[in-house]
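What follows is the content of protein-v3.txt (compact mmCIF, C-alpha atoms and all ligand atoms).
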# COMPACT_ATOMS: atom_id res chain seq x y z
CA MET A 75 -32.95 -108.96 133.23
CA VAL A 76 -35.08 -109.53 130.13
CA THR A 77 -33.16 -109.16 126.85
CA ILE A 78 -35.00 -107.32 124.07
CA ALA A 79 -33.71 -107.68 120.51
CA SER A 80 -33.32 -104.07 119.35
CA PRO A 81 -33.79 -100.50 120.61
CA ILE A 82 -37.00 -100.28 118.54
CA ASP A 83 -38.38 -103.38 120.30
CA LEU A 84 -37.34 -102.00 123.64
CA GLU A 85 -39.06 -98.70 123.00
CA SER A 86 -42.29 -100.29 121.81
CA GLU A 87 -42.21 -102.78 124.71
CA ILE A 88 -41.86 -99.91 127.18
CA ARG A 89 -44.81 -98.15 125.54
CA ARG A 90 -46.87 -101.35 125.61
CA LEU A 91 -46.10 -102.01 129.29
CA LYS A 92 -46.77 -98.38 130.15
CA ALA A 93 -50.29 -98.67 128.71
CA GLU A 94 -50.88 -102.09 130.28
CA ARG A 95 -49.80 -100.88 133.73
CA ASN A 96 -51.57 -97.53 133.42
CA ALA A 97 -48.22 -95.94 134.18
CA ILE A 98 -46.74 -92.48 133.75
CA ILE A 99 -43.01 -92.06 133.07
CA LEU A 100 -41.49 -89.04 134.80
CA ALA A 101 -37.89 -88.17 133.97
CA HIS A 102 -35.43 -85.67 135.35
CA ASN A 103 -33.51 -83.38 132.97
CA TYR A 104 -30.29 -85.34 133.69
CA GLN A 105 -31.57 -88.68 132.41
CA VAL A 106 -30.05 -90.25 129.28
CA GLY A 107 -31.57 -89.06 125.97
CA PRO A 108 -33.68 -92.16 125.16
CA ILE A 109 -35.35 -92.03 128.59
CA GLN A 110 -36.12 -88.31 128.20
CA ASP A 111 -37.55 -89.02 124.74
CA ILE A 112 -39.94 -91.73 125.93
CA ALA A 113 -41.04 -89.95 129.12
CA ASP A 114 -44.47 -88.35 129.55
CA TYR A 115 -42.88 -85.45 131.36
CA VAL A 116 -39.29 -84.23 131.68
CA GLY A 117 -38.39 -81.53 134.18
CA ASP A 118 -36.69 -80.32 137.34
CA SER A 119 -37.38 -81.48 140.90
CA LEU A 120 -40.18 -78.97 141.39
CA GLY A 121 -42.03 -79.73 138.15
CA LEU A 122 -41.65 -83.46 138.77
CA SER A 123 -43.13 -83.09 142.27
CA TYR A 124 -46.21 -81.32 140.93
CA LYS A 125 -46.64 -83.98 138.21
CA ALA A 126 -46.24 -86.80 140.74
CA LYS A 127 -48.85 -85.21 143.00
CA GLU A 128 -51.46 -84.65 140.32
CA THR A 129 -51.15 -87.81 138.19
CA GLU A 130 -54.09 -90.15 137.87
CA ALA A 131 -51.96 -93.03 136.57
CA GLU A 132 -51.72 -96.09 138.85
CA VAL A 133 -47.96 -96.49 138.49
CA ILE A 134 -45.26 -93.82 138.50
CA ALA A 135 -42.04 -95.00 136.81
CA PHE A 136 -39.67 -92.38 138.17
CA CYS A 137 -36.53 -91.95 136.12
CA GLY A 138 -34.39 -89.86 138.41
CA VAL A 139 -32.63 -90.55 141.69
CA HIS A 140 -33.99 -92.19 144.83
CA PHE A 141 -35.00 -89.05 146.75
CA MET A 142 -37.11 -87.90 143.78
CA ALA A 143 -39.02 -91.19 143.54
CA GLU A 144 -39.38 -91.22 147.33
CA THR A 145 -40.84 -87.71 147.22
CA ALA A 146 -43.40 -88.92 144.66
CA LYS A 147 -44.41 -91.76 147.02
CA ILE A 148 -44.63 -89.40 150.00
CA ILE A 149 -47.06 -87.05 148.27
CA ASN A 150 -49.03 -89.66 146.34
CA PRO A 151 -48.93 -92.78 148.57
CA GLN A 152 -51.73 -94.65 146.77
CA LYS A 153 -49.56 -95.04 143.69
CA THR A 154 -47.04 -97.74 142.99
CA VAL A 155 -43.76 -95.86 142.52
CA VAL A 156 -40.88 -97.65 140.83
CA LEU A 157 -37.31 -96.50 140.19
CA PRO A 158 -35.34 -98.27 137.44
CA ASP A 159 -32.22 -98.59 139.63
CA LYS A 160 -32.69 -98.65 143.39
CA ASP A 161 -29.04 -97.63 143.93
CA ALA A 162 -29.49 -94.31 142.14
CA GLY A 163 -28.65 -92.15 145.16
CA CYS A 164 -27.32 -88.61 145.54
CA SER A 165 -24.19 -87.25 147.23
CA LEU A 166 -26.23 -84.47 148.84
CA GLU A 167 -28.63 -86.97 150.38
CA GLU A 168 -25.65 -88.99 151.67
CA SER A 169 -24.08 -85.89 153.23
CA CYS A 170 -26.95 -85.42 155.68
CA PRO A 171 -28.13 -88.64 157.37
CA GLY A 172 -31.39 -88.29 159.37
CA PRO A 173 -29.81 -89.30 162.73
CA ALA A 174 -26.99 -86.74 162.28
CA LEU A 175 -29.52 -83.96 161.67
CA ALA A 176 -31.63 -85.08 164.66
CA LYS A 177 -28.52 -84.99 166.87
CA TYR A 178 -27.50 -81.54 165.59
CA LEU A 179 -30.98 -80.14 166.28
CA GLU A 180 -30.93 -81.62 169.77
CA GLU A 181 -27.49 -80.19 170.52
CA HIS A 182 -28.59 -76.74 169.27
CA ALA A 183 -32.08 -76.76 170.75
CA GLU A 184 -31.59 -73.20 172.07
CA LYS A 185 -31.63 -71.93 168.45
CA ASN A 186 -35.18 -73.27 167.91
CA TYR A 187 -34.26 -73.67 164.24
CA TYR A 188 -36.66 -73.32 161.35
CA VAL A 189 -35.31 -76.12 159.15
CA ILE A 190 -35.38 -75.68 155.37
CA ALA A 191 -34.39 -78.85 153.56
CA TYR A 192 -33.40 -78.87 149.92
CA ILE A 193 -35.43 -81.65 148.31
CA ASN A 194 -32.18 -83.60 147.67
CA CYS A 195 -32.45 -85.42 151.01
CA SER A 196 -34.01 -88.53 152.52
CA ALA A 197 -37.55 -88.90 153.90
CA ALA A 198 -35.99 -89.02 157.40
CA VAL A 199 -34.50 -85.54 156.88
CA LYS A 200 -37.71 -84.20 155.34
CA ALA A 201 -39.57 -85.51 158.39
CA LEU A 202 -37.36 -83.31 160.62
CA SER A 203 -37.90 -80.19 158.48
CA ASP A 204 -40.36 -77.31 158.52
CA VAL A 205 -40.40 -76.77 154.77
CA ILE A 206 -38.76 -78.23 151.67
CA CYS A 207 -37.36 -76.25 148.76
CA THR A 208 -35.92 -76.96 145.33
CA SER A 209 -33.40 -74.93 143.37
CA GLY A 210 -36.40 -73.51 141.46
CA ASN A 211 -38.14 -71.99 144.50
CA ALA A 212 -35.47 -71.71 147.23
CA VAL A 213 -35.42 -67.89 147.19
CA LYS A 214 -39.21 -67.69 147.55
CA ILE A 215 -39.27 -70.29 150.33
CA VAL A 216 -36.54 -68.54 152.34
CA GLU A 217 -38.31 -65.19 151.93
CA SER A 218 -41.47 -66.71 153.42
CA VAL A 219 -39.80 -67.47 156.78
CA PRO A 220 -40.55 -64.95 159.59
CA GLN A 221 -37.58 -62.64 160.24
CA ASP A 222 -37.32 -63.59 163.91
CA ARG A 223 -36.57 -67.27 163.20
CA ASN A 224 -33.08 -68.79 162.97
CA ILE A 225 -32.86 -70.81 159.75
CA LEU A 226 -30.89 -74.00 159.34
CA PHE A 227 -30.53 -74.81 155.64
CA VAL A 228 -29.67 -78.45 154.77
CA PRO A 229 -27.90 -80.18 153.08
CA ASP A 230 -26.37 -78.08 150.24
CA GLN A 231 -23.99 -75.35 151.40
CA ASN A 232 -23.65 -73.94 147.86
CA LEU A 233 -27.35 -73.57 147.17
CA GLY A 234 -27.73 -72.17 150.70
CA ALA A 235 -24.95 -69.62 150.16
CA TRP A 236 -26.48 -68.56 146.83
CA VAL A 237 -29.88 -68.00 148.48
CA MET A 238 -28.21 -65.92 151.21
CA GLU A 239 -26.61 -63.75 148.49
CA LYS A 240 -29.98 -63.34 146.73
CA THR A 241 -32.11 -62.64 149.81
CA GLY A 242 -29.66 -61.06 152.26
CA ARG A 243 -31.03 -63.50 154.84
CA LYS A 244 -28.51 -65.08 157.21
CA MET A 245 -28.79 -68.84 157.58
CA ASP A 246 -26.74 -71.60 159.17
CA LEU A 247 -25.66 -74.02 156.46
CA TRP A 248 -25.19 -77.78 156.60
CA GLN A 249 -21.83 -78.54 154.94
CA GLY A 250 -23.05 -80.87 152.18
CA ALA A 251 -22.26 -80.55 148.47
CA CYS A 252 -23.08 -82.12 145.12
CA TYR A 253 -20.03 -84.03 143.96
CA VAL A 254 -20.88 -83.25 140.30
CA HIS A 255 -21.31 -79.49 140.54
CA VAL A 256 -18.28 -78.84 142.76
CA GLU A 257 -16.09 -80.32 140.01
CA PHE A 258 -16.57 -77.19 137.88
CA THR A 259 -13.85 -74.71 138.79
CA ARG A 260 -13.01 -71.08 138.19
CA ASP A 261 -10.17 -72.19 135.87
CA SER A 262 -12.24 -74.70 133.89
CA ILE A 263 -14.99 -72.12 133.23
CA HIS A 264 -12.47 -69.35 132.48
CA GLY A 265 -10.85 -71.67 129.92
CA ILE A 266 -14.06 -72.41 128.03
CA LYS A 267 -15.02 -68.71 128.11
CA GLU A 268 -11.72 -67.89 126.41
CA ASP A 269 -12.56 -70.39 123.65
CA HIS A 270 -16.05 -68.85 123.21
CA PRO A 271 -15.66 -65.13 123.95
CA ASP A 272 -19.23 -64.28 122.88
CA ALA A 273 -20.88 -66.96 124.99
CA VAL A 274 -23.09 -66.36 128.00
CA VAL A 275 -22.84 -68.72 130.99
CA VAL A 276 -25.74 -70.36 132.80
CA ALA A 277 -24.91 -72.33 135.97
CA HIS A 278 -26.77 -74.39 138.56
CA PRO A 279 -26.79 -72.96 142.12
CA GLU A 280 -25.14 -76.17 143.39
CA CYS A 281 -21.91 -74.81 141.83
CA THR A 282 -19.34 -73.11 144.07
CA TYR A 283 -19.19 -69.35 144.62
CA ALA A 284 -16.15 -69.02 142.33
CA VAL A 285 -18.12 -70.56 139.44
CA ARG A 286 -21.38 -68.74 140.19
CA MET A 287 -19.44 -65.46 139.99
CA LEU A 288 -18.60 -66.22 136.35
CA ALA A 289 -22.22 -66.96 135.38
CA ASP A 290 -24.62 -64.57 133.65
CA GLU A 291 -27.52 -66.55 135.12
CA VAL A 292 -27.75 -68.99 138.04
CA CYS A 293 -30.91 -71.10 138.10
CA SER A 294 -32.63 -74.49 138.33
CA THR A 295 -32.51 -76.88 135.39
CA GLU A 296 -36.04 -75.97 134.26
CA LYS A 297 -35.29 -72.26 134.33
CA MET A 298 -32.24 -72.99 132.15
CA VAL A 299 -34.67 -73.97 129.38
CA HIS A 300 -36.29 -70.52 129.52
CA PHE A 301 -32.95 -68.74 129.80
CA CYS A 302 -31.54 -70.53 126.74
CA ARG A 303 -34.65 -69.82 124.67
CA ASP A 304 -34.85 -66.16 125.68
CA THR A 305 -31.22 -64.98 125.65
CA PRO A 306 -30.25 -63.13 122.46
CA SER A 307 -26.85 -64.89 122.60
CA ARG A 308 -26.32 -67.86 120.30
CA ASP A 309 -23.43 -69.38 122.25
CA ILE A 310 -24.34 -70.62 125.72
CA ILE A 311 -22.04 -72.42 128.18
CA VAL A 312 -24.17 -74.71 130.33
CA VAL A 313 -22.62 -75.45 133.73
CA THR A 314 -24.50 -78.42 135.09
CA GLU A 315 -24.82 -82.17 134.60
CA SER A 316 -24.44 -83.28 130.98
CA GLY A 317 -27.96 -84.74 130.53
CA MET A 318 -29.29 -81.17 130.49
CA LEU A 319 -27.78 -80.66 127.05
CA HIS A 320 -30.18 -83.21 125.51
CA ARG A 321 -33.22 -81.37 126.83
CA LEU A 322 -31.82 -77.97 125.84
CA ARG A 323 -30.97 -79.06 122.29
CA LYS A 324 -34.62 -80.00 121.81
CA GLU A 325 -36.06 -76.92 123.50
CA ALA A 326 -33.67 -74.29 122.18
CA PRO A 327 -32.81 -75.35 118.63
CA GLY A 328 -30.52 -72.97 116.79
CA LYS A 329 -28.49 -72.21 119.92
CA ASN A 330 -24.89 -73.36 120.23
CA LEU A 331 -25.00 -75.17 123.57
CA ILE A 332 -21.59 -75.85 125.07
CA ALA A 333 -21.09 -78.21 128.02
CA GLY A 334 -19.27 -76.60 130.93
CA PRO A 335 -16.03 -78.57 131.45
CA THR A 336 -14.36 -79.62 134.70
CA ASP A 337 -10.58 -79.69 135.18
CA ARG A 338 -10.58 -83.37 134.24
CA CYS A 339 -13.30 -83.75 131.63
CA SER A 340 -15.13 -81.90 128.84
CA CYS A 341 -18.47 -82.35 130.64
CA SER A 342 -19.82 -83.73 133.91
CA ASP A 343 -21.99 -86.81 134.43
CA CYS A 344 -23.86 -87.71 137.63
CA ARG A 345 -23.09 -91.39 138.11
CA PHE A 346 -26.35 -91.83 140.04
CA MET A 347 -28.57 -90.28 137.38
CA LYS A 348 -26.84 -92.37 134.72
CA MET A 349 -27.57 -95.66 136.54
CA ASN A 350 -31.04 -95.68 134.94
CA THR A 351 -31.13 -97.22 131.48
CA MET A 352 -33.87 -98.08 128.97
CA GLU A 353 -33.40 -101.78 129.84
CA LYS A 354 -33.90 -101.10 133.54
CA LEU A 355 -36.92 -98.88 132.80
CA HIS A 356 -38.40 -101.75 130.81
CA ASP A 357 -37.73 -104.22 133.62
CA CYS A 358 -39.19 -102.04 136.34
CA LEU A 359 -42.41 -101.63 134.34
CA LEU A 360 -42.52 -105.37 133.74
CA HIS A 361 -41.91 -106.48 137.34
CA LEU A 362 -43.09 -103.32 139.16
CA LYS A 363 -39.80 -103.42 141.05
CA PRO A 364 -37.73 -101.89 142.58
CA GLU A 365 -40.68 -100.30 144.37
CA ILE A 366 -40.42 -97.36 146.77
CA THR A 367 -41.90 -98.15 150.18
CA LEU A 368 -41.98 -96.10 153.37
CA ASP A 369 -43.27 -96.52 156.89
CA GLU A 370 -46.47 -94.51 157.30
CA GLU A 371 -45.30 -92.45 160.26
CA THR A 372 -42.20 -91.16 158.43
CA ARG A 373 -44.21 -90.63 155.26
CA LYS A 374 -46.77 -88.47 157.04
CA ARG A 375 -44.13 -86.38 158.81
CA ALA A 376 -42.21 -85.92 155.55
CA GLU A 377 -45.36 -85.01 153.62
CA ALA A 378 -46.27 -81.87 155.59
CA PRO A 379 -43.15 -79.81 154.67
CA ILE A 380 -43.42 -80.86 151.02
CA LEU A 381 -47.06 -79.78 150.85
CA ARG A 382 -46.08 -76.50 152.49
CA MET A 383 -43.53 -75.98 149.72
CA LEU A 384 -46.01 -76.81 146.95
CA GLU A 385 -48.51 -74.37 148.45
CA LEU A 386 -45.91 -71.59 148.87
CA SER A 387 -44.52 -71.90 145.35
CA LYS A 388 -47.83 -71.85 143.46
P1 LIG B 1 -33.11 -79.24 139.65
O1 LIG B 1 -34.26 -79.27 140.60
O2 LIG B 1 -32.65 -77.85 139.33
O3 LIG B 1 -33.42 -80.03 138.42
O4 LIG B 1 -31.85 -79.91 140.36
C1 LIG B 1 -31.83 -81.23 140.80
C2 LIG B 1 -30.48 -81.74 141.00
O5 LIG B 1 -30.29 -82.84 141.48
C3 LIG B 1 -29.37 -80.90 140.63
O6 LIG B 1 -28.18 -81.59 140.79
FE1 LIG B 2 -27.33 -85.44 143.58
FE2 LIG B 2 -25.53 -83.96 142.35
FE3 LIG B 2 -26.48 -86.11 141.14
FE4 LIG B 2 -28.03 -83.92 141.47
S1 LIG B 2 -26.20 -84.10 140.21
S2 LIG B 2 -28.62 -86.05 141.85
S3 LIG B 2 -27.31 -83.21 143.47
S4 LIG B 2 -25.26 -86.08 143.03
Just dump the structure as structure tokens.
Ligand code: 13P
Ligand code: SF4
Amino acid sequence: MVTIASPIDLESEIRRLKAERNAIILAHNYQVGPIQDIADYVGDSLGLSYKAKETEAEVIAFCGVHFMAETAKIINPQKTVVLPDKDAGCSLEESCPGPALAKYLEEHAEKNYYVIAYINCSAAVKALSDVICTSGNAVKIVESVPQDRNILFVPDQNLGAWVMEKTGRKMDLWQGACYVHVEFTRDSIHGIKEDHPDAVVVAHPECTYAVRMLADEVCSTEKMVHFCRDTPSRDIIVVTESGMLHRLRKEAPGKNLIAGPTDRCSCSDCRFMKMNTMEKLHDCLLHLKPEITLDEETRKRAEAPILRMLELSK
């Protein structure tokens, strides 16, 4: 790793390398503050996918987790896509390995499933799916499926259950979960509501039913920005990963944004999202590594359901 003298040097070196490489920096809402501040675009999985598809830069430095950078490579294969830390995974992706899904589909062939995969999954899982969704468009995607089809929703059981509540559509759910969002509990959210009786609660749909029931709004991270700006309430309890607070403080100044606590901690960090640092972003722009690569057959099969999603959610 290259050692840069001060944060100022590091920032200007990143900017210099970005220009030299003709790179764009895309960052998810859960990234650390300095990465969000230097990024060209900060957003949720859906917004990041659109940006990755339309960019004319030669290099995409993707500050998020592996499946997000992989999605960028799938839909824009001519670009060099780098991820500051190659080990930045996701517990949802881990919960649904491609071979396990292939076996399940084979064993339940009589169901002729229409497979909807939440974008938090590997290319191998996307390649076995009919359409992809994000938390920002899941309701719309599910509503687009013909009524006579059996739906298998993978891998997040909580997002899947929330979409069933919203649409009334029955689906079979893969039993995966986000290890960060299931840490929020009914008691931890009740406790913080007692401390802030006038606060409204906004929660991510990866939270459990018990937590979603306590929320005034359940939505994707990008929609949280709009909710926080638009709600007349000043106090807002934000029940999602802690990086979101940085984005919200910039976008909704004047609001009192309160991190949703877990039973153990006053906020909740995703250890995968937090693997990316400014130093690693610098190094990946310098060396163009770690680079995302994919075999062409898997890439092509994974691309079709993502393009279907982008078309359906326009
Ligand atoms: P969003 O698409 O809502 O940003 O969610 C991504 C994610 O990983 C949530 O844990
Ligand atoms: Fe995956 Fe959860 Fe981290 Fe999002 S917060 S990247 S779903 S582990």
Box centre and edge lengths (Å, one decimal), axis-aligned, ligand LIG 2 (chain B) plus 3 Å each side, as AutoDock Vina command-line options:
--center_x -26.9 --center_y -84.7 --center_z 141.9 --size_x 9.4 --size_y 8.9 --size_z 9.4
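When only C-alpha atoms are used to measure the gap to A:Tyr115, the shortest distance among A:Arg321, A:Lys388, A:Gly334, A:Glu217 belongs to A:Arg321.
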*Could you check how far atom CA of A:Val274 sits from atom CA of A:His300, in Å to one decimal?*
13.9 Å
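Taking atom CA of A:Val275 and atom CA of A:Glu291 as the two end points, the separation is 6.6 Å.
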*asked:* Just want the residues within 10 Å of ligand LIG 1 (chain B), written as a ChimeraX atom specification, counting only C-alpha atoms and all ligand atoms.
replied: /A:102-104,116-123,138-139,141-142,164-167,192-194,207-211,251-255,278-281,293-298,314-315,318,344,346-347
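Comparing A:Glu130, A:Glu371, A:Asp230, A:Glu353 by their smallest distance to ligand LIG 2 (chain B), the closest is A:Asp230 (using all atoms listed in the file).
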*asked:* If we count only C-alpha atoms and set the cut-off at 12 Å, which residues sit around A:Met245, ignoring sequence neighbours fewer than 3 positions away in its own chain? Please answer as a PyMOL selection string.
replied: chain A and resi 185+187-190+216-217+219+221-228+231+233-239+241-242+248
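Distance-wise, atom CA of A:Ile311 and atom S4 of ligand LIG 2 (chain B) end up 20.4 Å apart.
Closest approach to ligand LIG 2 (chain B) from the set A:Asn330, A:Thr129, A:Ser316, A:Thr259 is made by A:Ser316, with distances taken over all atoms listed in the file.
Between A:Leu100 and the residues A:Gly172, A:Gly265, A:Pro151, A:Pro158, the shortest atom-to-atom distance, using all atoms listed in the file, involves A:Pro158.
For the choices A:Leu355, A:Lys92, A:Val299, A:Arg338, the atom-to-atom distance to A:His320 is smallest for A:Val299 when using all atoms listed in the file.
Candidate residues A:Pro173, A:Pro327, A:Pro229, A:Pro379 were compared for distance to ligand LIG 2 (chain B), and the nearest is A:Pro229, using only C-alpha atoms and all ligand atoms.
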N, CA and C atoms restored at stretch 343-377 of chain A, emitted as a compact mmCIF listing (two decimals), in the coordinates of the input:
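After the write, out-v2.txt holds the following:
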# COMPACT_ATOMS: atom_id res chain seq x y z
N ASP A 343 -20.87 -85.87 134.29
CA ASP A 343 -21.99 -86.81 134.43
C ASP A 343 -22.26 -87.10 135.90
N CYS A 344 -23.53 -87.23 136.28
CA CYS A 344 -23.86 -87.71 137.63
C CYS A 344 -23.97 -89.23 137.53
N ARG A 345 -23.09 -89.93 138.24
CA ARG A 345 -23.09 -91.39 138.11
C ARG A 345 -24.39 -92.00 138.61
N PHE A 346 -25.08 -91.31 139.51
CA PHE A 346 -26.35 -91.83 140.04
C PHE A 346 -27.45 -91.69 138.98
N MET A 347 -27.53 -90.51 138.39
CA MET A 347 -28.57 -90.28 137.38
C MET A 347 -28.39 -91.23 136.20
N LYS A 348 -27.12 -91.54 135.90
CA LYS A 348 -26.84 -92.37 134.72
C LYS A 348 -26.97 -93.87 135.01
N MET A 349 -27.35 -94.23 136.25
CA MET A 349 -27.57 -95.66 136.54
C MET A 349 -28.84 -96.17 135.85
N ASN A 350 -29.80 -95.26 135.62
CA ASN A 350 -31.04 -95.68 134.94
C ASN A 350 -30.78 -95.85 133.45
N THR A 351 -31.28 -96.96 132.91
CA THR A 351 -31.13 -97.22 131.48
C THR A 351 -32.50 -97.61 130.92
N MET A 352 -32.60 -97.65 129.60
CA MET A 352 -33.87 -98.08 128.97
C MET A 352 -34.19 -99.52 129.37
N GLU A 353 -33.17 -100.37 129.47
CA GLU A 353 -33.40 -101.78 129.84
C GLU A 353 -33.99 -101.85 131.25
N LYS A 354 -33.41 -101.06 132.16
CA LYS A 354 -33.90 -101.10 133.54
C LYS A 354 -35.30 -100.47 133.64
N LEU A 355 -35.57 -99.46 132.81
CA LEU A 355 -36.92 -98.88 132.80
C LEU A 355 -37.92 -99.94 132.33
N HIS A 356 -37.55 -100.66 131.30
CA HIS A 356 -38.40 -101.75 130.81
C HIS A 356 -38.67 -102.77 131.92
N ASP A 357 -37.59 -103.17 132.60
CA ASP A 357 -37.73 -104.22 133.62
C ASP A 357 -38.56 -103.75 134.81
N CYS A 358 -38.43 -102.49 135.16
CA CYS A 358 -39.19 -102.04 136.34
C CYS A 358 -40.68 -101.92 136.00
N LEU A 359 -40.99 -101.64 134.73
CA LEU A 359 -42.41 -101.63 134.34
C LEU A 359 -42.96 -103.06 134.25
N LEU A 360 -42.10 -103.97 133.86
CA LEU A 360 -42.52 -105.37 133.74
C LEU A 360 -42.77 -106.00 135.12
N HIS A 361 -41.83 -105.80 136.03
CA HIS A 361 -41.91 -106.48 137.34
C HIS A 361 -42.49 -105.59 138.45
N LEU A 362 -42.68 -104.31 138.14
CA LEU A 362 -43.09 -103.32 139.16
C LEU A 362 -42.14 -103.34 140.37
N LYS A 363 -40.89 -103.40 140.07
CA LYS A 363 -39.80 -103.42 141.05
C LYS A 363 -38.57 -102.79 140.43
N PRO A 364 -37.68 -102.19 141.16
CA PRO A 364 -37.73 -101.89 142.58
C PRO A 364 -38.82 -100.87 142.92
N GLU A 365 -39.58 -101.19 143.95
CA GLU A 365 -40.68 -100.30 144.37
C GLU A 365 -40.26 -99.48 145.58
N ILE A 366 -40.71 -98.23 145.62
CA ILE A 366 -40.42 -97.36 146.77
C ILE A 366 -41.46 -97.64 147.86
N THR A 367 -40.99 -97.95 149.05
CA THR A 367 -41.90 -98.15 150.18
C THR A 367 -41.40 -97.32 151.36
N LEU A 368 -42.33 -96.96 152.24
CA LEU A 368 -41.98 -96.10 153.37
C LEU A 368 -42.86 -96.45 154.56
N ASP A 369 -42.34 -96.31 155.78
CA ASP A 369 -43.27 -96.52 156.89
C ASP A 369 -44.18 -95.30 156.99
N GLU A 370 -45.44 -95.54 157.39
CA GLU A 370 -46.47 -94.51 157.30
C GLU A 370 -46.17 -93.31 158.20
N GLU A 371 -45.57 -93.57 159.35
CA GLU A 371 -45.30 -92.45 160.26
C GLU A 371 -44.28 -91.47 159.63
N THR A 372 -43.20 -92.03 159.07
CA THR A 372 -42.20 -91.16 158.43
C THR A 372 -42.83 -90.46 157.23
N ARG A 373 -43.59 -91.21 156.45
CA ARG A 373 -44.21 -90.63 155.26
C ARG A 373 -45.05 -89.41 155.62
N LYS A 374 -45.87 -89.57 156.65
CA LYS A 374 -46.77 -88.47 157.04
C LYS A 374 -45.99 -87.25 157.52
N ARG A 375 -44.92 -87.52 158.30
CA ARG A 375 -44.13 -86.38 158.81
C ARG A 375 -43.34 -85.70 157.68
N ALA A 376 -42.96 -86.49 156.68
CA ALA A 376 -42.21 -85.92 155.55
C ALA A 376 -43.14 -85.19 154.57
N GLU A 377 -44.40 -85.58 154.58
CA GLU A 377 -45.36 -85.01 153.62
C GLU A 377 -45.66 -83.53 153.92
